[in-house]
>>> print(open('work.cif').read())   # mmCIF, N, CA and C atoms
data_model
loop_
_atom_site.label_atom_id
_atom_site.label_comp_id
_atom_site.auth_asym_id
_atom_site.auth_seq_id
_atom_site.Cartn_x
_atom_site.Cartn_y
_atom_site.Cartn_z
N MET A 1036 -51.59 31.54 -21.14
CA MET A 1036 -52.01 32.61 -21.99
C MET A 1036 -52.09 33.90 -21.18
N VAL A 1037 -51.56 34.99 -21.70
CA VAL A 1037 -51.58 36.29 -21.04
C VAL A 1037 -52.72 37.10 -21.62
N VAL A 1038 -53.53 37.67 -20.75
CA VAL A 1038 -54.66 38.45 -21.20
C VAL A 1038 -54.51 39.87 -20.68
N ASP A 1039 -54.54 40.87 -21.58
CA ASP A 1039 -54.51 42.28 -21.20
C ASP A 1039 -55.92 42.80 -21.18
N ILE A 1040 -56.25 43.56 -20.16
CA ILE A 1040 -57.54 44.22 -20.09
C ILE A 1040 -57.26 45.72 -20.10
N ALA A 1041 -57.77 46.43 -21.08
CA ALA A 1041 -57.56 47.87 -21.17
C ALA A 1041 -58.86 48.57 -20.82
N MET A 1042 -58.78 49.53 -19.89
CA MET A 1042 -59.94 50.32 -19.54
C MET A 1042 -59.70 51.74 -20.04
N ILE A 1043 -60.61 52.28 -20.83
CA ILE A 1043 -60.45 53.59 -21.43
C ILE A 1043 -61.56 54.49 -20.91
N SER A 1044 -61.21 55.67 -20.40
CA SER A 1044 -62.22 56.63 -19.98
C SER A 1044 -61.96 57.95 -20.68
N LEU A 1045 -63.03 58.60 -21.12
CA LEU A 1045 -62.91 59.88 -21.80
C LEU A 1045 -63.39 60.98 -20.87
N ASP A 1046 -62.61 62.02 -20.70
CA ASP A 1046 -62.98 63.13 -19.84
C ASP A 1046 -62.47 64.41 -20.48
N SER A 1047 -63.36 65.24 -21.00
CA SER A 1047 -63.01 66.52 -21.63
C SER A 1047 -61.92 66.34 -22.68
N ASN A 1048 -62.15 65.42 -23.59
CA ASN A 1048 -61.22 65.15 -24.70
C ASN A 1048 -59.86 64.61 -24.23
N ILE A 1049 -59.75 64.18 -22.99
CA ILE A 1049 -58.52 63.57 -22.48
C ILE A 1049 -58.77 62.08 -22.39
N GLN A 1050 -57.92 61.30 -23.01
CA GLN A 1050 -58.10 59.85 -23.00
C GLN A 1050 -57.08 59.25 -22.05
N THR A 1051 -57.54 58.50 -21.09
CA THR A 1051 -56.67 57.81 -20.14
C THR A 1051 -56.78 56.32 -20.41
N ILE A 1052 -55.67 55.68 -20.62
CA ILE A 1052 -55.67 54.23 -20.85
C ILE A 1052 -54.94 53.58 -19.69
N GLU A 1053 -55.62 52.66 -19.07
CA GLU A 1053 -55.04 51.92 -17.96
C GLU A 1053 -54.97 50.46 -18.37
N THR A 1054 -53.79 49.87 -18.36
CA THR A 1054 -53.66 48.47 -18.74
C THR A 1054 -53.40 47.64 -17.49
N LYS A 1055 -54.11 46.56 -17.37
CA LYS A 1055 -53.92 45.65 -16.23
C LYS A 1055 -53.59 44.28 -16.78
N ASN A 1056 -52.61 43.65 -16.21
CA ASN A 1056 -52.21 42.33 -16.64
C ASN A 1056 -51.81 41.55 -15.40
N LYS A 1057 -52.48 40.45 -15.17
CA LYS A 1057 -52.21 39.67 -13.97
C LYS A 1057 -50.82 39.06 -13.95
N ASN A 1058 -50.18 38.93 -15.11
CA ASN A 1058 -48.86 38.30 -15.17
C ASN A 1058 -47.72 39.31 -15.23
N MET A 1059 -47.96 40.55 -14.86
CA MET A 1059 -46.91 41.55 -14.90
C MET A 1059 -46.23 41.68 -13.55
N SER A 1060 -44.91 41.85 -13.61
CA SER A 1060 -44.14 42.18 -12.42
C SER A 1060 -43.88 43.67 -12.43
N LYS A 1061 -43.72 44.24 -11.25
CA LYS A 1061 -43.32 45.63 -11.12
C LYS A 1061 -41.82 45.66 -10.91
N TYR A 1062 -41.18 46.66 -11.50
CA TYR A 1062 -39.73 46.78 -11.41
C TYR A 1062 -39.31 48.17 -10.98
N VAL A 1063 -38.22 48.22 -10.26
CA VAL A 1063 -37.49 49.45 -10.00
C VAL A 1063 -36.11 49.21 -10.59
N ALA A 1064 -35.66 50.13 -11.44
CA ALA A 1064 -34.33 50.01 -12.04
C ALA A 1064 -33.51 51.21 -11.63
N SER A 1065 -32.35 50.95 -11.08
CA SER A 1065 -31.40 51.99 -10.73
C SER A 1065 -30.18 51.78 -11.61
N PHE A 1066 -29.70 52.85 -12.25
CA PHE A 1066 -28.61 52.65 -13.20
C PHE A 1066 -27.54 53.72 -13.09
N ARG A 1067 -26.35 53.34 -13.54
CA ARG A 1067 -25.21 54.25 -13.64
C ARG A 1067 -24.55 53.96 -14.98
N LEU A 1068 -24.54 54.97 -15.83
CA LEU A 1068 -23.89 54.82 -17.12
C LEU A 1068 -22.52 55.46 -17.08
N GLY A 1069 -21.53 54.77 -17.67
CA GLY A 1069 -20.19 55.33 -17.75
C GLY A 1069 -20.21 56.60 -18.59
N ASP A 1070 -19.36 57.56 -18.24
CA ASP A 1070 -19.39 58.84 -18.95
C ASP A 1070 -18.40 58.93 -20.10
N THR A 1071 -17.62 57.90 -20.31
CA THR A 1071 -16.68 57.92 -21.43
C THR A 1071 -16.97 56.76 -22.37
N SER A 1072 -16.70 57.00 -23.64
CA SER A 1072 -16.89 55.93 -24.62
C SER A 1072 -15.76 56.02 -25.64
N ALA A 1073 -15.39 54.88 -26.17
CA ALA A 1073 -14.32 54.82 -27.16
C ALA A 1073 -14.88 55.14 -28.55
N PHE A 1074 -14.01 55.36 -29.48
CA PHE A 1074 -14.43 55.63 -30.86
C PHE A 1074 -15.33 54.50 -31.36
N GLY A 1075 -16.44 54.84 -31.95
CA GLY A 1075 -17.36 53.83 -32.48
C GLY A 1075 -18.42 53.39 -31.48
N GLU A 1076 -18.27 53.76 -30.21
CA GLU A 1076 -19.28 53.43 -29.20
C GLU A 1076 -20.22 54.62 -29.04
N LEU A 1077 -21.40 54.35 -28.54
CA LEU A 1077 -22.36 55.42 -28.33
C LEU A 1077 -21.94 56.30 -27.15
N SER A 1078 -22.27 57.58 -27.23
CA SER A 1078 -21.96 58.51 -26.14
C SER A 1078 -22.88 58.24 -24.95
N TYR A 1079 -22.58 58.86 -23.83
CA TYR A 1079 -23.41 58.75 -22.64
C TYR A 1079 -24.85 59.15 -22.97
N ASN A 1080 -25.03 60.30 -23.61
CA ASN A 1080 -26.38 60.79 -23.93
C ASN A 1080 -27.12 59.84 -24.86
N GLU A 1081 -26.44 59.27 -25.84
CA GLU A 1081 -27.08 58.33 -26.76
C GLU A 1081 -27.52 57.06 -26.03
N ARG A 1082 -26.66 56.53 -25.15
CA ARG A 1082 -27.03 55.34 -24.37
C ARG A 1082 -28.15 55.65 -23.39
N TYR A 1083 -28.11 56.83 -22.77
CA TYR A 1083 -29.16 57.24 -21.85
C TYR A 1083 -30.50 57.29 -22.58
N GLU A 1084 -30.52 57.89 -23.75
CA GLU A 1084 -31.77 57.99 -24.51
C GLU A 1084 -32.28 56.62 -24.96
N LEU A 1085 -31.39 55.71 -25.36
CA LEU A 1085 -31.81 54.35 -25.70
C LEU A 1085 -32.43 53.65 -24.50
N LEU A 1086 -31.79 53.78 -23.35
CA LEU A 1086 -32.28 53.15 -22.13
C LEU A 1086 -33.63 53.74 -21.72
N MET A 1087 -33.75 55.07 -21.74
CA MET A 1087 -35.02 55.71 -21.37
C MET A 1087 -36.12 55.34 -22.37
N SER A 1088 -35.77 55.28 -23.63
CA SER A 1088 -36.74 54.87 -24.66
C SER A 1088 -37.22 53.45 -24.39
N TYR A 1089 -36.30 52.56 -24.02
CA TYR A 1089 -36.67 51.17 -23.70
C TYR A 1089 -37.64 51.15 -22.52
N PHE A 1090 -37.29 51.88 -21.44
CA PHE A 1090 -38.15 51.89 -20.26
C PHE A 1090 -39.51 52.52 -20.56
N ARG A 1091 -39.53 53.58 -21.37
CA ARG A 1091 -40.80 54.23 -21.70
C ARG A 1091 -41.75 53.30 -22.45
N LYS A 1092 -41.21 52.32 -23.16
CA LYS A 1092 -42.04 51.37 -23.90
C LYS A 1092 -42.68 50.34 -22.97
N GLN A 1093 -42.20 50.25 -21.75
CA GLN A 1093 -42.77 49.31 -20.79
C GLN A 1093 -44.07 49.88 -20.26
N ASN A 1094 -44.89 49.05 -19.68
CA ASN A 1094 -46.17 49.49 -19.13
C ASN A 1094 -45.97 50.27 -17.84
N SER A 1095 -46.82 51.26 -17.62
CA SER A 1095 -46.86 52.04 -16.37
C SER A 1095 -45.51 52.63 -16.02
N PHE A 1096 -44.82 53.18 -16.99
CA PHE A 1096 -43.51 53.78 -16.76
C PHE A 1096 -43.61 55.06 -15.95
N VAL A 1097 -42.72 55.21 -14.96
CA VAL A 1097 -42.60 56.44 -14.19
C VAL A 1097 -41.12 56.74 -14.07
N GLU A 1098 -40.74 57.98 -14.36
CA GLU A 1098 -39.33 58.37 -14.26
C GLU A 1098 -39.16 59.38 -13.14
N GLU A 1099 -38.17 59.17 -12.30
CA GLU A 1099 -37.79 60.16 -11.30
C GLU A 1099 -36.67 60.97 -11.93
N SER A 1100 -37.01 62.13 -12.46
CA SER A 1100 -36.06 62.87 -13.29
C SER A 1100 -34.85 63.41 -12.53
N THR A 1101 -34.91 63.43 -11.20
CA THR A 1101 -33.76 63.92 -10.44
C THR A 1101 -32.76 62.81 -10.13
N THR A 1102 -33.09 61.59 -10.50
CA THR A 1102 -32.21 60.47 -10.20
C THR A 1102 -32.11 59.56 -11.41
N SER A 1103 -31.36 58.52 -11.26
CA SER A 1103 -31.27 57.48 -12.30
C SER A 1103 -32.10 56.29 -11.84
N LEU A 1104 -33.36 56.56 -11.57
CA LEU A 1104 -34.27 55.56 -11.03
C LEU A 1104 -35.57 55.59 -11.83
N VAL A 1105 -36.02 54.43 -12.28
CA VAL A 1105 -37.28 54.35 -13.02
C VAL A 1105 -38.12 53.22 -12.44
N TYR A 1106 -39.44 53.33 -12.63
CA TYR A 1106 -40.40 52.33 -12.19
C TYR A 1106 -41.22 51.93 -13.40
N PHE A 1107 -41.49 50.64 -13.56
CA PHE A 1107 -42.27 50.19 -14.71
C PHE A 1107 -42.78 48.78 -14.44
N GLN A 1108 -43.64 48.30 -15.34
CA GLN A 1108 -44.14 46.93 -15.27
C GLN A 1108 -43.75 46.20 -16.54
N SER A 1109 -43.57 44.90 -16.43
CA SER A 1109 -43.21 44.09 -17.59
C SER A 1109 -43.70 42.67 -17.37
N THR A 1110 -44.01 41.99 -18.48
CA THR A 1110 -44.38 40.58 -18.40
C THR A 1110 -43.14 39.69 -18.37
N LYS A 1111 -41.96 40.27 -18.63
CA LYS A 1111 -40.72 39.49 -18.64
C LYS A 1111 -40.23 39.24 -17.23
N ASN A 1112 -39.57 38.10 -17.02
CA ASN A 1112 -38.90 37.88 -15.74
C ASN A 1112 -37.61 38.71 -15.74
N VAL A 1113 -37.00 38.84 -14.60
CA VAL A 1113 -35.86 39.76 -14.46
C VAL A 1113 -34.67 39.38 -15.35
N VAL A 1114 -34.42 38.10 -15.55
CA VAL A 1114 -33.29 37.68 -16.40
C VAL A 1114 -33.58 38.00 -17.87
N ASP A 1115 -34.79 37.67 -18.33
CA ASP A 1115 -35.16 37.99 -19.71
C ASP A 1115 -35.18 39.50 -19.94
N LEU A 1116 -35.67 40.24 -18.95
CA LEU A 1116 -35.69 41.70 -19.05
C LEU A 1116 -34.26 42.24 -19.16
N GLY A 1117 -33.38 41.75 -18.31
CA GLY A 1117 -31.97 42.18 -18.35
C GLY A 1117 -31.33 41.89 -19.69
N ASN A 1118 -31.55 40.70 -20.21
CA ASN A 1118 -30.98 40.34 -21.52
C ASN A 1118 -31.58 41.19 -22.64
N ASP A 1119 -32.85 41.54 -22.53
CA ASP A 1119 -33.50 42.38 -23.53
C ASP A 1119 -32.92 43.81 -23.48
N ILE A 1120 -32.65 44.31 -22.28
CA ILE A 1120 -32.01 45.63 -22.15
C ILE A 1120 -30.64 45.61 -22.79
N ILE A 1121 -29.85 44.58 -22.51
CA ILE A 1121 -28.51 44.46 -23.10
C ILE A 1121 -28.61 44.45 -24.62
N LYS A 1122 -29.54 43.68 -25.15
CA LYS A 1122 -29.71 43.54 -26.59
C LYS A 1122 -30.12 44.86 -27.25
N ASN A 1123 -30.98 45.63 -26.60
CA ASN A 1123 -31.58 46.81 -27.24
C ASN A 1123 -30.95 48.15 -26.89
N CYS A 1124 -30.14 48.22 -25.84
CA CYS A 1124 -29.69 49.53 -25.37
C CYS A 1124 -28.20 49.80 -25.58
N ARG A 1125 -27.49 48.89 -26.19
CA ARG A 1125 -26.08 49.08 -26.55
C ARG A 1125 -25.24 49.61 -25.39
N LEU A 1126 -25.34 48.93 -24.26
CA LEU A 1126 -24.61 49.32 -23.07
C LEU A 1126 -23.12 49.07 -23.23
N LEU A 1127 -22.33 49.83 -22.49
CA LEU A 1127 -20.89 49.59 -22.41
C LEU A 1127 -20.61 48.69 -21.22
N ASN A 1128 -19.43 48.11 -21.17
CA ASN A 1128 -19.07 47.27 -20.01
C ASN A 1128 -19.06 48.08 -18.72
N SER A 1129 -18.83 49.38 -18.81
CA SER A 1129 -18.80 50.22 -17.61
C SER A 1129 -20.20 50.62 -17.11
N ASP A 1130 -21.24 50.34 -17.89
CA ASP A 1130 -22.61 50.66 -17.48
C ASP A 1130 -23.14 49.59 -16.54
N GLU A 1131 -23.88 50.02 -15.51
CA GLU A 1131 -24.45 49.09 -14.55
C GLU A 1131 -25.90 49.42 -14.28
N ILE A 1132 -26.72 48.39 -14.13
CA ILE A 1132 -28.13 48.55 -13.82
C ILE A 1132 -28.51 47.53 -12.76
N LEU A 1133 -29.20 47.97 -11.73
CA LEU A 1133 -29.80 47.06 -10.75
C LEU A 1133 -31.28 46.97 -11.05
N LEU A 1134 -31.80 45.77 -11.18
CA LEU A 1134 -33.21 45.54 -11.45
C LEU A 1134 -33.85 44.88 -10.24
N PHE A 1135 -34.80 45.57 -9.62
CA PHE A 1135 -35.52 45.06 -8.46
C PHE A 1135 -36.89 44.60 -8.95
N GLN A 1136 -37.19 43.31 -8.82
CA GLN A 1136 -38.46 42.75 -9.27
C GLN A 1136 -39.39 42.56 -8.09
N TYR A 1137 -40.63 43.06 -8.24
CA TYR A 1137 -41.67 42.92 -7.21
C TYR A 1137 -42.85 42.18 -7.80
N ASP A 1138 -43.36 41.21 -7.07
CA ASP A 1138 -44.56 40.48 -7.44
C ASP A 1138 -45.50 40.48 -6.25
N ASN A 1139 -46.75 40.80 -6.49
CA ASN A 1139 -47.77 40.81 -5.43
C ASN A 1139 -47.34 41.67 -4.24
N GLY A 1140 -46.68 42.79 -4.52
CA GLY A 1140 -46.28 43.73 -3.48
C GLY A 1140 -45.04 43.36 -2.70
N SER A 1141 -44.37 42.27 -3.06
CA SER A 1141 -43.17 41.85 -2.33
C SER A 1141 -41.97 41.74 -3.26
N LEU A 1142 -40.82 42.11 -2.74
CA LEU A 1142 -39.58 41.96 -3.49
C LEU A 1142 -39.32 40.48 -3.74
N THR A 1143 -39.10 40.10 -5.00
CA THR A 1143 -38.85 38.70 -5.31
C THR A 1143 -37.43 38.46 -5.79
N LYS A 1144 -36.79 39.46 -6.41
CA LYS A 1144 -35.46 39.22 -6.95
C LYS A 1144 -34.77 40.53 -7.27
N VAL A 1145 -33.45 40.56 -7.10
CA VAL A 1145 -32.63 41.70 -7.50
C VAL A 1145 -31.49 41.15 -8.35
N ASP A 1146 -31.39 41.60 -9.57
CA ASP A 1146 -30.28 41.20 -10.45
C ASP A 1146 -29.54 42.44 -10.92
N ARG A 1147 -28.29 42.24 -11.33
CA ARG A 1147 -27.43 43.32 -11.79
C ARG A 1147 -27.01 43.07 -13.23
N ILE A 1148 -27.04 44.12 -14.03
CA ILE A 1148 -26.43 44.08 -15.36
C ILE A 1148 -25.09 44.78 -15.24
N LYS A 1149 -24.04 44.05 -15.54
CA LYS A 1149 -22.68 44.58 -15.51
C LYS A 1149 -21.87 43.83 -16.55
N ASP A 1150 -21.00 44.53 -17.24
CA ASP A 1150 -20.19 43.91 -18.30
C ASP A 1150 -21.08 43.21 -19.32
N ASN A 1151 -22.25 43.80 -19.60
CA ASN A 1151 -23.21 43.26 -20.56
C ASN A 1151 -23.63 41.82 -20.25
N THR A 1152 -23.75 41.53 -18.96
CA THR A 1152 -24.18 40.22 -18.48
C THR A 1152 -25.14 40.43 -17.31
N VAL A 1153 -26.14 39.57 -17.20
CA VAL A 1153 -27.08 39.63 -16.07
C VAL A 1153 -26.54 38.70 -14.97
N TYR A 1154 -26.37 39.25 -13.78
CA TYR A 1154 -25.85 38.49 -12.64
C TYR A 1154 -26.87 38.45 -11.52
N LYS A 1155 -26.90 37.34 -10.78
CA LYS A 1155 -27.66 37.28 -9.55
C LYS A 1155 -26.91 38.12 -8.52
N THR A 1156 -27.63 38.69 -7.58
CA THR A 1156 -26.98 39.46 -6.51
C THR A 1156 -27.33 38.87 -5.16
N LYS A 1157 -26.58 39.26 -4.17
CA LYS A 1157 -26.89 38.86 -2.79
C LYS A 1157 -27.90 39.82 -2.17
N LEU A 1158 -28.25 40.89 -2.89
CA LEU A 1158 -29.20 41.87 -2.36
C LEU A 1158 -30.57 41.28 -2.11
N THR A 1159 -30.98 40.31 -2.90
CA THR A 1159 -32.31 39.72 -2.73
C THR A 1159 -32.48 39.20 -1.30
N ASP A 1160 -31.56 38.37 -0.85
CA ASP A 1160 -31.65 37.81 0.50
C ASP A 1160 -31.52 38.89 1.56
N PHE A 1161 -30.63 39.86 1.34
CA PHE A 1161 -30.43 40.95 2.30
C PHE A 1161 -31.71 41.77 2.46
N LEU A 1162 -32.32 42.17 1.34
CA LEU A 1162 -33.49 43.04 1.39
C LEU A 1162 -34.76 42.30 1.83
N LYS A 1163 -34.81 41.01 1.62
CA LYS A 1163 -36.00 40.24 2.02
C LYS A 1163 -35.96 39.82 3.49
N SER A 1164 -34.80 39.90 4.12
CA SER A 1164 -34.70 39.44 5.52
C SER A 1164 -35.11 40.51 6.50
#
>>> encode(input="work.cif", output="structure tokens")
Amino acid sequence: MVVDIAMISLDSNIQTIETKNKNMSKYVASFRLGDTSAFGELSYNERYELLMSYFRKQNSFVEESTTSLVYFQSTKNVVDLGNDIIKNCRLLNSDEILLFQYDNGSLTKVDRIKDNTVYKTKLTDFLKS
């Protein structure tokens, strides 16, 4: 069973909500979206907005606006998260995302979304060594 604990503090009419969940992993996602699309496919901007909207719905989302790098937390494991992104963000085969999963402050897994499939990478072993 997953239990969320929300702590709310009020300060001068500003409400801050902090959610803590012991079963959440932290993620770093680095992505590259293809800049061309065929007739009937979503444009780069449309896919970018779907992807950003998906990430914003995750807990503790942080966007580095100068890069294609986002930080967030999720209760999903990296494979389920990757499949959920594919399902909800209408990616093209030319779009790629690297998902870095961290648990308890340590890198646990790196997977790649490419050709609308989640793949294991060799980066996990490289970065953990």
>>> atom_distance(input="work.cif", atom1="atom C of Phe1090 of chain A", atom2="atom CA of Ser1164 of chain A")
29.6 Å
>>> resolve_selection(input="work.cif", expression="the PyMOL selection byres (((chain A and resi 1069 and name CA) around 9) and name CA)", output="compact mmCIF listing (two decimals) with N, CA and C atoms, in the coordinates of the input")
# COMPACT_ATOMS: atom_id res chain seq x y z
N ARG A 1067 -26.35 53.34 -13.54
CA ARG A 1067 -25.21 54.25 -13.64
C ARG A 1067 -24.55 53.96 -14.98
N LEU A 1068 -24.54 54.97 -15.83
CA LEU A 1068 -23.89 54.82 -17.12
C LEU A 1068 -22.52 55.46 -17.08
N ASP A 1070 -19.36 57.56 -18.24
CA ASP A 1070 -19.39 58.84 -18.95
C ASP A 1070 -18.40 58.93 -20.10
N THR A 1071 -17.62 57.90 -20.31
CA THR A 1071 -16.68 57.92 -21.43
C THR A 1071 -16.97 56.76 -22.37
N SER A 1072 -16.70 57.00 -23.64
CA SER A 1072 -16.89 55.93 -24.62
C SER A 1072 -15.76 56.02 -25.64
N TYR A 1079 -22.58 58.86 -23.83
CA TYR A 1079 -23.41 58.75 -22.64
C TYR A 1079 -24.85 59.15 -22.97
N LEU A 1127 -22.33 49.83 -22.49
CA LEU A 1127 -20.89 49.59 -22.41
C LEU A 1127 -20.61 48.69 -21.22
N ASN A 1128 -19.43 48.11 -21.17
CA ASN A 1128 -19.07 47.27 -20.01
C ASN A 1128 -19.06 48.08 -18.72
N SER A 1129 -18.83 49.38 -18.81
CA SER A 1129 -18.80 50.22 -17.61
C SER A 1129 -20.20 50.62 -17.11
N ASP A 1130 -21.24 50.34 -17.89
CA ASP A 1130 -22.61 50.66 -17.48
C ASP A 1130 -23.14 49.59 -16.54
N GLU A 1131 -23.88 50.02 -15.51
CA GLU A 1131 -24.45 49.09 -14.55
C GLU A 1131 -25.90 49.42 -14.28
>>> resolve_selection(input="work.cif", expression="the PyMOL selection byres ((chain A and resi 1134) around 7)", output="ChimeraX atom specification")
/A:1062-1065,1113,1132-1133,1135-1136,1144-1148
>>> closest_residue(input="work.cif", among="A:Met1087, A:Leu1142, A:Val1153, A:Met1059", to="Asp1119 of chain A", atoms="only C-alpha atoms")
A:Val1153
>>> resolve_selection(input="work.cif", expression="the PyMOL selection byres ((chain A and resi 1109) around 5)", output="mmCIF file with N, CA and C atoms, in the frame of the given file")
data_model
loop_
_atom_site.group_PDB
_atom_site.id
_atom_site.type_symbol
_atom_site.label_atom_id
_atom_site.label_comp_id
_atom_site.auth_asym_id
_atom_site.auth_seq_id
_atom_site.Cartn_x
_atom_site.Cartn_y
_atom_site.Cartn_z
ATOM 1 N N MET A 1059 -47.960 40.550 -14.860
ATOM 2 C CA MET A 1059 -46.910 41.550 -14.900
ATOM 3 C C MET A 1059 -46.230 41.680 -13.550
ATOM 4 N N SER A 1060 -44.910 41.850 -13.610
ATOM 5 C CA SER A 1060 -44.140 42.180 -12.420
ATOM 6 C C SER A 1060 -43.880 43.670 -12.430
ATOM 7 N N PHE A 1107 -41.490 50.640 -13.560
ATOM 8 C CA PHE A 1107 -42.270 50.190 -14.710
ATOM 9 C C PHE A 1107 -42.780 48.780 -14.440
ATOM 10 N N GLN A 1108 -43.640 48.300 -15.340
ATOM 11 C CA GLN A 1108 -44.140 46.930 -15.270
ATOM 12 C C GLN A 1108 -43.750 46.200 -16.540
ATOM 13 N N THR A 1110 -44.010 41.990 -18.480
ATOM 14 C CA THR A 1110 -44.380 40.580 -18.400
ATOM 15 C C THR A 1110 -43.140 39.690 -18.370
ATOM 16 N N LYS A 1111 -41.960 40.270 -18.630
ATOM 17 C CA LYS A 1111 -40.720 39.490 -18.640
ATOM 18 C C LYS A 1111 -40.230 39.240 -17.230
#
>>> select_by_dssp(input="work.cif", residues="segment 1044-1148 of chain A", states="strand (DSSP E or B)", output="MDAnalysis selection string")
chainID A and resid 1044:1046 1049:1056 1060:1067 1094:1099 1104:1109 1131:1138 1141:1148
>>> atom_distance(input="work.cif", atom1="atom C of Lys1061 of chain A", atom2="atom CA of Tyr1137 of chain A")
4.6 Å
>>> select_by_dssp(input="work.cif", residues="segment 1111-1146 of chain A", states="alpha helix (DSSP H)", output="ChimeraX atom specification")
/A:1113-1124
>>> atom_distance(input="work.cif", atom1="atom CA of Leu1162 of chain A", atom2="atom N of Gln1093 of chain A")
25.8 Å
>>> closest_residue(input="work.cif", among="A:Asn1112, A:Lys1163, A:Gly1075, A:Lys1155", to="Ser1141 of chain A", atoms="only C-alpha atoms")
A:Lys1163
